[in-house]
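Report on the structure given below.
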Amino acid sequence: MQVGSRRCIVNPVSGEGDHAEYVERLMRARGFAVERTEGPGHGVELGRAAGEDGVSEVAVCGGDGTINEVLRGLHDADHLGEVTLSVVPKGTANLLAGTIGIDDFQQGVEVADTGETRAVDVGLADGEPFLVSCIAGLPADASVATSGDLKARFGMLAFLVTGVQEAVEFEGLDITVDAVGEDGPVKWSGEATCLLVGNARKFVERGGQANMEDGLLDVAIVERMPTGNLVAEAVAHRLLATDTDGVTHVRARDISVDGHGEPVTFSRDGELAEHMRLDFDVEPRTLSMRVGPSYDPDPA
């Protein structure tokens with residue numbers, strides 16, 4: 001394969017920040033031209049350039065935030081339907097990599113080269129793409145407050161630790177959610193602790209991987225819950241249990257969230273933005289992705 005039709009975008013400071021040169025050697029040996037990001041937002045530019053150049057395969061070495069930046073750039077270039085995306089995980093949480101059956105960066109390199117391809121859904125939030133999830137409320141506030149040092153020490157637990165610390169000051173969300181669900185229209189209005197919209201992730205029925213090929217988003221609305229040390233227990237039980245009081249769950253194609261005139265902070269695959277209103281939809285099986293051997297499209 002001609003070098004240039006495959007491109008690898010590496011975030012040299014993601015995770016422990018000690019991987020760039022080694023990963024670059026591995027990827028070049030497999031026919032990938034390699035580019036490094038130089039700071040926040042640069043992945044969008046590199047993804048857009050790859051799309052404008054008509055690159056057929058793009059591998060991203062970094063975490064979920066870097067993947068989202070490159071995804072946005074490919075989307076801006078109207079190239080999502082023309083490219084095969086692969087993931088070489090080197091972030092803190094690596095949620096997308098785990099979902100598609102990639103355990104570590106070395107396996108990610110091999111999958112990027114020869115892995116099976118699957119057509120997966122792409123979520124859209126006001127036209128901006130995401131692959132993992134878009135969340136608002138306590139988890140989003142925790143992701144804002146969590147320091148890089150805390151994430152390095154505790155990984156995903158850092159968000160829960162910060163969530164408990166921040167909960168006393170968290171005022172909740174006053175929102176109305178309208179969705180077109182599998183069984184018809186769904187409307188929810190009131191005070192919520194968090195709203196979670198997942199494409200690769202689901203947050204009830206034991207949580208974990210969602211079906212990325214069903215053309216639906218998994219939505220969980222968690223009603224206002226106690227603050228303080230009860231937050232950790234409430235999150236653990238309410239987001240991982242089935243048919244729990246205080247949690248509304250719907251699988252939907254179209255969702256709108258209204259903040260009643262107040263800005264709501266959303267974290268879209270780690271990208272933070274405030275919206276008075278946010279509309280979600282999904283592009284079914286739009287993106288070709290290379291997946292690991294343990295990937296299960298329908299884990300339920």
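Labels used: A, B, ... for chains in the order of the structure tokens, numbers from 1 for residues in each chain, and numbers from 1 for ligands as shown.
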
>> Please return, as an NGL selection string, all residues of range 58-131 of chain A that DSSP assigns to alpha helix (DSSP H) on the basis of the backbone.
In response: :A and (64-76 or 95-99 or 105-114)

>> Residues within 9 Å of Leu287 in chain A, please, as a list in words. Count only C-alpha atoms; anything in the same chain fewer than 5 positions from it doesn't count.
In response: Leu80, Gly81, Glu82, Val83, Thr84, Leu85, Arg118, Ala119, Val120, Asp121 and Val122 of chain A

Please produce an output containing C-alpha atoms for each residue in the selection, written as a PDB file, in the first residue's frame.
ATOM      1  CA  LEU A  80     -16.471  10.091   7.605  1.00  0.00           C
ATOM      2  CA  GLY A  81     -18.150   7.832   5.080  1.00  0.00           C
ATOM      3  CA  GLU A  82     -14.944   7.468   3.039  1.00  0.00           C
ATOM      4  CA  VAL A  83     -12.356   6.582   5.696  1.00  0.00           C
ATOM      5  CA  THR A  84     -11.469   3.659   7.949  1.00  0.00           C
ATOM      6  CA  LEU A  85     -10.632   4.783  11.491  1.00  0.00           C
ATOM      7  CA  ARG A 118     -17.131  -2.821  11.017  1.00  0.00           C
ATOM      8  CA  ALA A 119     -19.558  -0.041  10.114  1.00  0.00           C
ATOM      9  CA  VAL A 120     -20.517   1.819  13.335  1.00  0.00           C
ATOM     10  CA  ASP A 121     -22.912   4.594  14.294  1.00  0.00           C
ATOM     11  CA  VAL A 122     -21.810   8.183  14.828  1.00  0.00           C
TER      12      VAL A 122
END

>> Residues near Gly108 in chain A, anyone? I mean within 9 Å using only C-alpha atoms, not counting same-chain ones fewer than 4 positions away, as an MDAnalysis selection string.
In response: chainID A and resid 61 86:89 97 102:104 112:113 115 291:292

> Gly73 in chain A: which residues within 8 Å, counting only C-alpha atoms, same-chain residues fewer than 2 positions away excluded, as an MDAnalysis selection string?
Replying inline: chainID A and resid 43:49 51 69:71 75:77

>> Could you list, as a list in words, every residue within 10 Å of Gly39 in chain A, counting only C-alpha atoms and ignoring same-chain residues fewer than 5 positions away?
In response: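 With the cut-off at 10 Å, the set is Asn11, Pro12 and Val13 of chain A.
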
Include C-alpha atoms and write out the residues we just selected as a CSV table (one decimal), in the first residue's frame.
chain,number,residue,atom,x,y,z
A,11,ASN,CA,-0.8,12.9,20.5
A,12,PRO,CA,2.7,12.8,22.1
A,13,VAL,CA,1.5,14.0,25.6

>> One decimal, in Å: what's the spacing between CA of Pro284 in chain A and CA of Gly54 in chain A?
In response: 21.9 Å

>> Using only C-alpha atoms, can you tell me which of A:Val55, A:Val257, A:Ala93, A:Ile100 comes closest to Asp296 in chain A?
In response: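 Looking only at the distances to Asp296 in chain A, the closest residue turns out to be A:Ile100.
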
>> Taking 6 positions as the minimum chain separation for residues in the same chain, which residues sit within 8 Å of range 7-10 of chain A when counting only C-alpha atoms? Answer as a list in words.
In response: Ala20, Glu24, Met27, Phe32, Ala33, Val34, Glu35, Arg36, Thr37, Gly43, Leu46, Ala50, Val55, Glu57, Val58, Ala59, Val60, Cys61 and Gly62 of chain A

> Rounded to one decimal in Å, what is the spacing between CA of Arg251 in chain A and CA of Gly198 in chain A?
Replying inline: 9.4 Å

> Hey, what's within 9 Å of range 131-138 of chain A if we count only C-alpha atoms and toss same-chain stuff fewer than 2 positions away? As a PyMOL selection string, please?
Replying inline: chain A and resi 64+67-68+71+95-96+99+120-125+129+140-143+163+166-167+170+172-173+192-202+212+217+264-271

For C-alpha atoms, I'd like the residues from the last selection saved as a compact mmCIF listing (two decimals), in the first residue's frame.
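Result file is selection29.txt:
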# COMPACT_ATOMS: atom_id res chain seq x y z
CA ASP A 64 -10.78 9.54 23.70
CA ILE A 67 -9.96 10.61 18.81
CA ASN A 68 -12.87 13.04 19.05
CA LEU A 71 -13.29 12.66 14.19
CA LEU A 95 -13.15 3.96 26.66
CA LEU A 96 -13.58 3.64 22.91
CA THR A 99 -15.45 -0.99 23.54
CA VAL A 120 -20.52 1.82 13.33
CA ASP A 121 -22.91 4.59 14.29
CA VAL A 122 -21.81 8.18 14.83
CA GLY A 123 -23.69 10.31 17.35
CA LEU A 124 -24.26 13.99 16.60
CA ALA A 125 -24.81 16.77 19.14
CA PRO A 129 -19.86 14.10 16.09
CA ALA A 140 -19.53 16.65 33.26
CA ASP A 141 -18.77 19.00 36.15
CA ALA A 142 -16.38 16.41 37.57
CA SER A 143 -14.56 16.13 34.25
CA GLY A 163 -17.57 14.16 41.74
CA GLU A 166 -17.75 18.80 43.99
CA ALA A 167 -21.20 17.42 44.79
CA PHE A 170 -23.55 21.07 42.47
CA GLY A 172 -28.43 20.07 39.58
CA LEU A 173 -29.94 20.45 36.13
CA ALA A 192 -31.65 15.92 37.29
CA THR A 193 -28.27 15.04 38.70
CA CYS A 194 -27.02 14.00 35.30
CA LEU A 195 -28.01 13.25 31.74
CA LEU A 196 -25.99 10.62 29.89
CA VAL A 197 -26.27 10.02 26.15
CA GLY A 198 -24.20 7.07 24.97
CA ASN A 199 -23.25 5.77 21.55
CA ALA A 200 -20.51 3.32 22.53
CA ARG A 201 -21.46 3.40 26.23
CA LYS A 202 -24.64 2.63 28.13
CA MET A 212 -22.73 0.78 18.16
CA LEU A 217 -28.41 6.29 21.35
CA VAL A 264 -25.91 23.50 30.53
CA THR A 265 -22.33 22.18 30.37
CA PHE A 266 -21.97 19.09 28.19
CA SER A 267 -18.89 16.89 27.83
CA ARG A 268 -18.83 15.35 24.35
CA ASP A 269 -16.12 12.67 24.40
CA GLY A 270 -14.22 15.02 26.72
CA GLU A 271 -14.87 18.20 24.69

> Could you work out how far CA of Glu213 in chain A lies from CA of Val250 in chain A, giving the answer in Å with one decimal?
Replying inline: 16.5 Å
